[in-house]
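Shown next: query.txt, containing compact mmCIF, C-alpha atoms.
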# COMPACT_ATOMS: atom_id res chain seq x y z
CA MET A 1 14.79 9.71 -4.62
CA LYS A 2 14.73 13.09 -6.35
CA SER A 3 10.95 13.45 -6.66
CA LYS A 4 7.78 12.19 -5.00
CA LYS A 5 7.46 9.18 -7.29
CA VAL A 6 9.18 5.90 -6.39
CA LEU A 7 9.92 2.69 -8.30
CA SER A 8 11.75 -0.46 -7.20
CA SER A 9 14.96 -2.64 -6.93
CA GLY A 10 17.82 -3.65 -4.59
CA VAL A 11 19.98 -6.14 -2.52
CA ALA A 12 23.40 -6.13 -0.49
CA ALA A 13 25.28 -5.35 2.84
CA PHE A 14 25.08 -3.82 6.40
CA VAL A 15 26.80 -1.66 9.02
CA GLY A 16 26.21 -1.15 12.78
CA MET A 17 23.86 1.70 13.76
CA ALA A 18 23.90 4.17 16.66
CA ALA A 19 21.17 6.76 17.30
CA LEU A 20 18.10 6.12 15.18
CA SER A 21 15.68 8.80 14.05
CA THR A 22 11.91 8.42 13.82
CA PRO A 23 10.17 9.23 10.51
CA VAL A 24 7.87 12.08 9.66
CA TRP A 25 5.06 11.63 7.12
CA ALA A 26 5.41 13.17 3.69
CA ALA A 27 2.30 14.12 1.72
CA THR A 28 3.10 11.47 -0.89
CA THR A 29 3.23 7.68 -1.14
CA VAL A 30 6.43 7.69 0.96
CA GLN A 31 7.53 8.83 4.39
CA VAL A 32 10.75 10.80 4.82
CA GLY A 33 13.01 10.03 7.79
CA ALA A 34 13.74 12.62 10.48
CA SER A 35 17.22 13.12 9.02
CA GLY A 36 15.58 14.37 5.83
CA LYS A 37 17.98 12.20 3.85
CA THR A 38 16.19 8.85 3.50
CA TYR A 39 12.68 7.62 2.74
CA ALA A 40 10.55 4.49 2.88
CA SER A 41 7.15 3.54 1.52
CA SER A 42 4.29 4.86 3.63
CA VAL A 43 2.37 1.58 3.38
CA VAL A 44 3.22 -2.08 2.84
CA GLN A 45 2.43 -3.42 -0.64
CA CYS A 46 2.18 -6.89 -2.15
CA ALA A 47 4.32 -7.86 -5.14
CA ALA A 48 5.89 -10.95 -6.69
CA ASN A 49 9.05 -11.79 -4.75
CA PRO A 50 11.71 -12.66 -7.37
CA ALA A 51 13.20 -15.22 -4.98
CA THR A 52 9.97 -17.23 -4.69
CA GLY A 53 7.69 -15.97 -7.45
CA GLU A 54 4.93 -15.56 -4.84
CA GLN A 55 3.07 -12.44 -3.73
CA SER A 56 4.84 -11.12 -0.63
CA PRO A 57 4.76 -7.95 1.52
CA VAL A 58 7.34 -5.38 0.44
CA ILE A 59 8.32 -1.75 0.98
CA GLU A 60 10.80 0.45 -0.86
CA THR A 61 13.61 2.42 0.74
CA GLY A 62 15.91 5.01 -0.76
CA LEU A 63 17.77 8.29 -0.45
CA PHE A 64 15.94 11.61 -0.44
CA ASN A 65 17.52 14.34 -2.63
CA PRO A 66 20.93 12.64 -2.44
CA LYS A 67 24.28 13.80 -3.75
CA GLN A 68 25.70 11.66 -6.53
CA GLY A 69 27.71 8.74 -5.19
CA THR A 70 25.86 8.61 -1.85
CA SER A 71 24.79 5.20 -0.54
CA ALA A 72 23.07 3.77 2.53
CA ILE A 73 22.92 0.37 4.17
CA VAL A 74 19.42 -1.04 4.68
CA SER A 75 18.69 -3.52 7.46
CA LEU A 76 15.59 -5.47 8.44
CA ASN A 77 15.18 -6.40 12.11
CA GLY A 78 18.92 -5.91 12.64
CA ALA A 79 20.11 -7.93 9.63
CA SER A 80 21.61 -6.50 6.47
CA VAL A 81 19.35 -6.86 3.41
CA ALA A 82 20.26 -4.20 0.85
CA THR A 83 22.19 -1.13 -0.22
CA ALA A 84 20.38 1.94 -1.51
CA THR A 85 22.26 4.38 -3.74
CA ALA A 86 21.54 7.77 -5.26
CA ASP A 87 20.44 6.05 -8.47
CA LYS A 88 18.92 2.86 -7.11
CA PRO A 89 16.36 2.43 -4.31
CA ALA A 90 16.09 -0.89 -2.50
CA ASN A 91 13.15 -3.22 -1.94
CA VAL A 92 12.76 -4.82 1.49
CA TRP A 93 10.66 -7.99 1.72
CA LEU A 94 8.92 -8.13 5.09
CA ALA A 95 7.83 -10.99 7.35
CA ASP A 96 4.50 -11.38 9.16
CA GLY A 97 4.28 -9.36 12.35
CA ASP A 98 6.37 -6.35 13.41
CA ASN A 99 9.26 -5.25 11.18
CA THR A 100 11.87 -2.55 11.77
CA VAL A 101 13.66 -1.22 8.70
CA VAL A 102 16.72 1.01 9.17
CA VAL A 103 18.32 3.08 6.40
CA ALA A 104 21.80 4.13 7.54
CA LEU A 105 23.97 6.67 5.72
CA SER A 106 26.55 6.40 8.51
CA LYS A 107 26.79 5.31 12.13
CA LYS A 108 25.49 8.74 13.15
CA THR A 109 22.82 9.21 10.47
CA ALA A 110 20.22 6.45 10.38
CA ASP A 111 16.44 6.52 10.07
CA SER A 112 14.19 3.80 11.46
CA TYR A 113 10.81 2.81 9.97
CA ALA A 114 8.29 0.45 11.57
CA PHE A 115 5.85 -1.76 9.64
CA THR A 116 3.33 -4.33 10.83
CA VAL A 117 2.32 -7.08 8.43
CA GLN A 118 -0.87 -9.03 9.03
CA ALA A 119 -0.68 -12.77 8.52
CA ASP A 120 -1.63 -13.81 4.97
CA MET A 121 -1.78 -10.15 3.94
CA CYS A 122 -0.69 -11.02 0.40
CA THR A 123 -2.85 -14.10 0.02
CA LEU A 124 -5.56 -12.99 -2.38
CA PRO A 125 -9.12 -13.91 -1.35
CA ASP A 126 -11.35 -16.18 -3.40
CA THR A 127 -13.55 -13.99 -5.59
CA SER A 128 -14.82 -16.77 -7.84
CA GLY A 129 -18.34 -16.28 -6.46
CA ASN A 130 -18.47 -12.68 -7.69
CA THR A 131 -20.51 -11.82 -10.78
CA PHE A 132 -20.41 -8.99 -13.30
CA SER A 133 -22.97 -6.74 -14.92
CA ALA A 134 -23.81 -7.37 -18.57
CA ASP A 135 -21.60 -4.49 -19.72
CA GLY A 136 -18.71 -5.55 -17.45
CA THR A 137 -18.51 -2.23 -15.61
CA LEU A 138 -19.71 -3.51 -12.22
CA GLU A 139 -18.60 -6.45 -10.07
CA TYR A 140 -21.10 -7.85 -7.55
CA GLY A 141 -19.89 -9.53 -4.38
CA ALA A 142 -20.76 -13.18 -3.78
CA SER A 143 -23.31 -12.25 -1.09
CA GLY A 144 -25.11 -9.80 -3.39
CA LYS A 145 -24.92 -7.15 -0.66
CA SER A 146 -22.33 -4.95 -2.35
CA TYR A 147 -20.87 -4.11 -5.74
CA ALA A 148 -17.92 -2.11 -7.07
CA THR A 149 -16.87 -0.41 -10.28
CA VAL A 150 -14.38 -2.48 -12.26
CA THR A 151 -12.21 0.06 -14.07
CA PRO A 152 -10.45 2.60 -11.80
CA GLY A 153 -10.93 6.30 -12.36
CA CYS A 154 -8.51 9.06 -11.36
CA ALA A 155 -9.21 11.71 -8.73
CA LEU A 156 -7.48 13.87 -6.14
CA ASN A 157 -7.06 12.02 -2.87
CA PRO A 158 -7.51 14.65 -0.11
CA SER A 159 -5.44 12.52 2.28
CA THR A 160 -2.32 12.61 0.09
CA GLY A 161 -2.91 15.68 -2.09
CA MET A 162 -2.11 13.50 -5.12
CA GLY A 163 -4.00 12.10 -8.05
CA GLN A 164 -4.71 8.42 -7.31
CA PRO A 165 -6.70 5.67 -9.01
CA TYR A 166 -9.97 4.81 -7.31
CA VAL A 167 -13.07 2.64 -7.60
CA ASN A 168 -16.52 3.20 -6.13
CA LEU A 169 -18.00 0.66 -3.72
CA PHE A 170 -21.77 0.47 -3.20
CA ASP A 171 -24.14 -0.96 -0.62
CA ASN A 172 -26.61 -3.03 -2.66
CA GLY A 173 -29.49 -2.49 -0.21
CA THR A 174 -29.71 -1.21 3.36
CA TYR A 175 -27.08 -3.51 4.86
CA LEU A 176 -24.55 -2.37 7.45
CA LEU A 177 -21.20 -3.08 5.79
CA ASN A 178 -17.78 -2.58 7.37
CA ILE A 179 -15.36 -1.59 4.61
CA SER A 180 -11.62 -2.31 4.79
CA VAL A 181 -8.76 -1.97 2.32
CA ASN A 182 -5.78 -4.29 2.69
CA GLY A 183 -7.00 -5.14 6.19
CA VAL A 184 -7.25 -1.50 7.33
CA PRO A 185 -10.78 -0.31 8.30
CA LEU A 186 -11.98 2.53 6.08
CA THR A 187 -15.66 3.31 6.63
CA GLN A 188 -19.16 1.86 7.00
CA LEU A 189 -21.87 1.69 4.37
CA SER A 190 -25.56 1.58 5.24
CA GLY A 191 -28.96 2.75 4.09
CA THR A 192 -27.92 6.33 4.85
CA HIS A 193 -24.41 6.03 3.37
CA LEU A 194 -24.73 3.95 0.23
CA HIS A 195 -21.37 4.33 -1.48
CA THR A 196 -17.76 5.41 -0.99
CA PRO A 197 -14.69 5.97 -3.16
CA ILE A 198 -11.81 3.55 -2.54
CA PHE A 199 -8.43 5.07 -3.39
CA LEU A 200 -5.94 2.45 -4.54
CA SER A 201 -2.34 2.28 -3.39
CA ALA A 202 0.42 0.76 -5.48
CA GLY A 203 0.13 -2.94 -6.33
CA GLN A 204 -2.74 -5.23 -5.45
CA ASN A 205 -5.51 -3.87 -3.24
CA VAL A 206 -7.93 -6.16 -1.41
CA ILE A 207 -11.25 -4.48 -0.60
CA SER A 208 -13.61 -6.19 1.82
CA ALA A 209 -17.25 -5.44 2.68
CA ALA A 210 -18.29 -7.35 5.80
CA ASN A 211 -21.90 -7.66 6.96
CA GLY A 212 -21.01 -8.55 10.55
CA TYR A 213 -20.17 -12.26 10.80
CA VAL A 214 -22.84 -13.15 8.23
CA SER A 215 -20.92 -12.53 4.99
CA THR A 216 -17.89 -10.79 3.53
CA ASP A 217 -17.52 -9.69 -0.07
CA TYR A 218 -14.03 -9.28 -1.54
CA TYR A 219 -12.76 -7.29 -4.50
CA VAL A 220 -9.20 -7.19 -5.85
CA ARG A 221 -7.99 -4.12 -7.74
CA ASP A 222 -4.54 -3.26 -9.14
CA GLY A 223 -3.47 0.28 -8.25
CA GLY A 224 -0.46 0.36 -10.61
CA ASP A 225 2.16 2.62 -9.03
CA GLY A 226 -0.49 4.27 -6.83
CA THR A 227 -0.57 7.54 -8.76
CA CYS A 228 -2.37 8.89 -11.83
CA ASP A 229 -2.51 12.08 -13.89
CA LEU A 230 -5.57 14.16 -13.06
CA PRO A 231 -7.75 15.08 -16.04

Structure translated into structure tokens:
Amino acid sequence: MKSKKVLSSGVAAFVGMAALSTPVWAATTVQVGASGKTYASSVVQCAANPATGEQSPVIETGLFNPKQGTSAIVSLNGASVATATADKPANVWLADGDNTVVVALSKKTADSYAFTVQADMCTLPDTSGNTFSADGTLEYGASGKSYATVTPGCALNPSTGMGQPYVNLFDNGTYLLNISVNGVPLTQLSGTHLHTPIFLSAGQNVISAANGYVSTDYYVRDGGDGTCDLP
């Protein structure tokens, strides 16, 4: 990786590891390992696994500002899964539960990254009960208690310092709605807080608006590569 933007690819071998470093967060869509020589995605995404054709949890690993010809062995939970090179990052397909991904340049230089995957994370919810406004710009949840803009805009995400696609989510009344994105709690909407921007990460994003145990509205939005050019 020679810039903050990452793409995809990868598969191959493994080597034993010694001391493992813990990662530090980069102000981008990736986290850079403590060695300063490797990186991994900052969040788990869902994408079509070429081996199965099904949506599966995946992260990308690679080398950060590498010299030409450098390579690293990538392992998942102790088993070899890929080789990352200066020109080619490597995808790692994760299992449900806790996952440890190690990117090793040598026995002495290896960074460890931890990811937790919720069960059925990449199973898209049923949104067939949702409806749309006459002009197609708004999607209403099946319960009628929330609605969201359909086409993402582009804005600066203060959390990352980057331009990211986003949609707006609205409380369609005075309901207390717990908002989550890809299973991670984000905020609450209510009569005093009627709307919120939802910044989209790369790939499919599942937005939920839960009114306690009474109802849950779901929206699915594609975040592309998770970045956009600010106007």

Atomic distance atom CA of Gly203 of chain A - atom CA of Val30 of chain A, expressed in Å with one decimal: 14.3 Å

Separation of atom CA of Asn77 of chain A from atom CA of Pro57 of chain A, in Å and rounded to one decimal: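 Interatomic distance, atom CA of Asn77 of chain A to atom CA of Pro57 of chain A: 14.9 Å.
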
So that I can see what lies close to Pro125 of chain A, please list as an mmCIF file with C-alpha atoms, keeping the file's coordinate frame the residues with an atom at most 10 Å from it, counting only C-alpha atoms and leaving out residues fewer than 6 positions away in the same chain.
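File selection-v6.cif, as written:
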data_model
loop_
_atom_site.group_PDB
_atom_site.id
_atom_site.type_symbol
_atom_site.label_atom_id
_atom_site.label_comp_id
_atom_site.auth_asym_id
_atom_site.auth_seq_id
_atom_site.Cartn_x
_atom_site.Cartn_y
_atom_site.Cartn_z
ATOM 1 C CA VAL A 206 -7.930 -6.160 -1.410
ATOM 2 C CA ILE A 207 -11.250 -4.480 -0.600
ATOM 3 C CA SER A 208 -13.610 -6.190 1.820
ATOM 4 C CA ASP A 217 -17.520 -9.690 -0.070
ATOM 5 C CA TYR A 218 -14.030 -9.280 -1.540
ATOM 6 C CA TYR A 219 -12.760 -7.290 -4.500
ATOM 7 C CA VAL A 220 -9.200 -7.190 -5.850
#

Nearest-residue call for Ala47 of chain A, choices A:Asp171, A:Asp222, A:Asp229, A:Glu139, using only C-alpha atoms: A:Asp222

Residue with smallest distance to Glu60 of chain A - pool A:Asn91, A:Ser35, A:Asn168, A:Thr187, counting all atoms listed in the file: A:Asn91

Answer as a list in words, residues within 9 Å of (0.7, -6.0, 1.3) using only C-alpha atoms: Val43, Val44, Gln45, Cys46, Ala47, Gln55, Ser56, Pro57, Val58, Ile59, Val117, Gln118, Asp120, Met121, Cys122, Thr123, Asn182, Gly203, Gln204 and Asn205 of chain A

Point-to-point distance from atom CA of Thr131 of chain A to atom CA of Ser215 of chain A, Å rounded to tenths: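 Between atom CA of Thr131 of chain A and atom CA of Ser215 of chain A the gap works out to 15.8 Å.
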
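Between Ser146 of chain A and the candidates A:Val167, A:Tyr113, A:Leu194, A:Ala119, the tightest atom-to-atom separation, counting all atoms listed in the file, involves A:Leu194.
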
Test item: residues at most 7 Å from Ala84 of chain A, only C-alpha atoms, excluding those fewer than 6 positions along its chain, as a ChimeraX atom specification: /A:10,62-63,71-74,90

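Ranking A:Val184, A:Ala148, A:Leu76, A:Ala110 by their shortest atom-to-atom distance to Ala95 of chain A, with all atoms listed in the file included, puts A:Leu76 first.
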
Which of A:Ala142, A:Val102, A:Ala82, A:Cys228 sits closest to Ser201 of chain A [using all atoms listed in the file]: A:Cys228

Give me, as a short mmCIF file (atom, residue, chain, number, x, y, z; two decimals) with C-alpha atoms, keeping the file's coordinate frame, all polymer residues having an atom no more than 12 Å from Thr70 of chain A, counting all atoms listed in the file and skipping those fewer than 6 positions away in the same chain.
data_model
loop_
_atom_site.label_atom_id
_atom_site.label_comp_id
_atom_site.auth_asym_id
_atom_site.auth_seq_id
_atom_site.Cartn_x
_atom_site.Cartn_y
_atom_site.Cartn_z
CA MET A 1 14.79 9.71 -4.62
CA LYS A 37 17.98 12.20 3.85
CA THR A 38 16.19 8.85 3.50
CA GLY A 62 15.91 5.01 -0.76
CA LEU A 63 17.77 8.29 -0.45
CA PHE A 64 15.94 11.61 -0.44
CA THR A 83 22.19 -1.13 -0.22
CA ALA A 84 20.38 1.94 -1.51
CA THR A 85 22.26 4.38 -3.74
CA ALA A 86 21.54 7.77 -5.26
CA ASP A 87 20.44 6.05 -8.47
CA LYS A 88 18.92 2.86 -7.11
CA PRO A 89 16.36 2.43 -4.31
CA ALA A 104 21.80 4.13 7.54
CA LEU A 105 23.97 6.67 5.72
CA SER A 106 26.55 6.40 8.51
#

Given all atoms listed in the file as the counted atoms, nearest of A:Ile198, A:Ala210, A:Ala51, A:Ser159 to Leu176 of chain A: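 Nearest candidate to Leu176 of chain A out of A:Ile198, A:Ala210, A:Ala51, A:Ser159: A:Ala210.
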
Ser133 of chain A environment, 12 Å, all atoms listed in the file, sequence neighbours closer than 5 positions dropped, as a VMD selection string: chain A and resid 138 to 141 147 to 150

Rebuild segment 185-200 of chain A to N, CA, C and O atoms - output it as a PDB file, keeping the file's coordinate frame, please.
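Result written to part.pdb:
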ATOM      1  N   PRO A 185      -9.404  -0.827   8.349  1.00  0.00           N
ATOM      2  CA  PRO A 185     -10.780  -0.310   8.300  1.00  0.00           C
ATOM      3  C   PRO A 185     -10.838   1.072   7.652  1.00  0.00           C
ATOM      4  O   PRO A 185      -9.994   1.933   7.922  1.00  0.00           O
ATOM      5  N   LEU A 186     -11.841   1.265   6.788  1.00  0.00           N
ATOM      6  CA  LEU A 186     -11.980   2.530   6.080  1.00  0.00           C
ATOM      7  C   LEU A 186     -13.239   3.281   6.475  1.00  0.00           C
ATOM      8  O   LEU A 186     -13.187   4.438   6.901  1.00  0.00           O
ATOM      9  N   THR A 187     -14.397   2.642   6.340  1.00  0.00           N
ATOM     10  CA  THR A 187     -15.660   3.310   6.630  1.00  0.00           C
ATOM     11  C   THR A 187     -16.758   2.266   6.751  1.00  0.00           C
ATOM     12  O   THR A 187     -16.497   1.063   6.625  1.00  0.00           O
ATOM     13  N   GLN A 188     -17.979   2.723   6.999  1.00  0.00           N
ATOM     14  CA  GLN A 188     -19.160   1.860   7.000  1.00  0.00           C
ATOM     15  C   GLN A 188     -20.135   2.325   5.944  1.00  0.00           C
ATOM     16  O   GLN A 188     -20.284   3.527   5.716  1.00  0.00           O
ATOM     17  N   LEU A 189     -20.777   1.377   5.291  1.00  0.00           N
ATOM     18  CA  LEU A 189     -21.870   1.690   4.370  1.00  0.00           C
ATOM     19  C   LEU A 189     -23.168   1.208   4.999  1.00  0.00           C
ATOM     20  O   LEU A 189     -23.193   0.218   5.731  1.00  0.00           O
ATOM     21  N   SER A 190     -24.250   1.924   4.679  1.00  0.00           N
ATOM     22  CA  SER A 190     -25.560   1.580   5.240  1.00  0.00           C
ATOM     23  C   SER A 190     -26.630   2.225   4.378  1.00  0.00           C
ATOM     24  O   SER A 190     -26.330   2.834   3.337  1.00  0.00           O
ATOM     25  N   GLY A 191     -27.867   2.141   4.823  1.00  0.00           N
ATOM     26  CA  GLY A 191     -28.960   2.750   4.090  1.00  0.00           C
ATOM     27  C   GLY A 191     -28.855   4.252   3.987  1.00  0.00           C
ATOM     28  O   GLY A 191     -29.441   4.870   3.088  1.00  0.00           O
ATOM     29  N   THR A 192     -28.096   4.877   4.893  1.00  0.00           N
ATOM     30  CA  THR A 192     -27.920   6.330   4.850  1.00  0.00           C
ATOM     31  C   THR A 192     -26.575   6.745   4.258  1.00  0.00           C
ATOM     32  O   THR A 192     -26.321   7.933   4.074  1.00  0.00           O
ATOM     33  N   HIS A 193     -25.722   5.767   3.987  1.00  0.00           N
ATOM     34  CA  HIS A 193     -24.410   6.030   3.370  1.00  0.00           C
ATOM     35  C   HIS A 193     -24.157   4.890   2.386  1.00  0.00           C
ATOM     36  O   HIS A 193     -23.552   3.880   2.734  1.00  0.00           O
ATOM     37  N   LEU A 194     -24.642   5.071   1.168  1.00  0.00           N
ATOM     38  CA  LEU A 194     -24.730   3.950   0.230  1.00  0.00           C
ATOM     39  C   LEU A 194     -23.484   3.673  -0.596  1.00  0.00           C
ATOM     40  O   LEU A 194     -23.375   2.605  -1.184  1.00  0.00           O
ATOM     41  N   HIS A 195     -22.557   4.603  -0.667  1.00  0.00           N
ATOM     42  CA  HIS A 195     -21.370   4.330  -1.480  1.00  0.00           C
ATOM     43  C   HIS A 195     -20.178   5.145  -0.987  1.00  0.00           C
ATOM     44  O   HIS A 195     -20.336   6.141  -0.269  1.00  0.00           O
ATOM     45  N   THR A 196     -18.979   4.725  -1.385  1.00  0.00           N
ATOM     46  CA  THR A 196     -17.760   5.410  -0.990  1.00  0.00           C
ATOM     47  C   THR A 196     -16.683   5.200  -2.042  1.00  0.00           C
ATOM     48  O   THR A 196     -16.618   4.126  -2.656  1.00  0.00           O
ATOM     49  N   PRO A 197     -15.833   6.192  -2.285  1.00  0.00           N
ATOM     50  CA  PRO A 197     -14.690   5.970  -3.160  1.00  0.00           C
ATOM     51  C   PRO A 197     -13.607   5.190  -2.413  1.00  0.00           C
ATOM     52  O   PRO A 197     -13.411   5.389  -1.214  1.00  0.00           O
ATOM     53  N   ILE A 198     -12.928   4.304  -3.120  1.00  0.00           N
ATOM     54  CA  ILE A 198     -11.810   3.550  -2.540  1.00  0.00           C
ATOM     55  C   ILE A 198     -10.562   3.924  -3.317  1.00  0.00           C
ATOM     56  O   ILE A 198     -10.383   3.527  -4.476  1.00  0.00           O
ATOM     57  N   PHE A 199      -9.675   4.716  -2.720  1.00  0.00           N
ATOM     58  CA  PHE A 199      -8.430   5.070  -3.390  1.00  0.00           C
ATOM     59  C   PHE A 199      -7.457   3.900  -3.311  1.00  0.00           C
ATOM     60  O   PHE A 199      -7.304   3.279  -2.267  1.00  0.00           O
ATOM     61  N   LEU A 200      -6.809   3.616  -4.436  1.00  0.00           N
ATOM     62  CA  LEU A 200      -5.940   2.450  -4.540  1.00  0.00           C
ATOM     63  C   LEU A 200      -4.481   2.833  -4.362  1.00  0.00           C
ATOM     64  O   LEU A 200      -3.993   3.772  -4.987  1.00  0.00           O
TER      65      LEU A 200
END
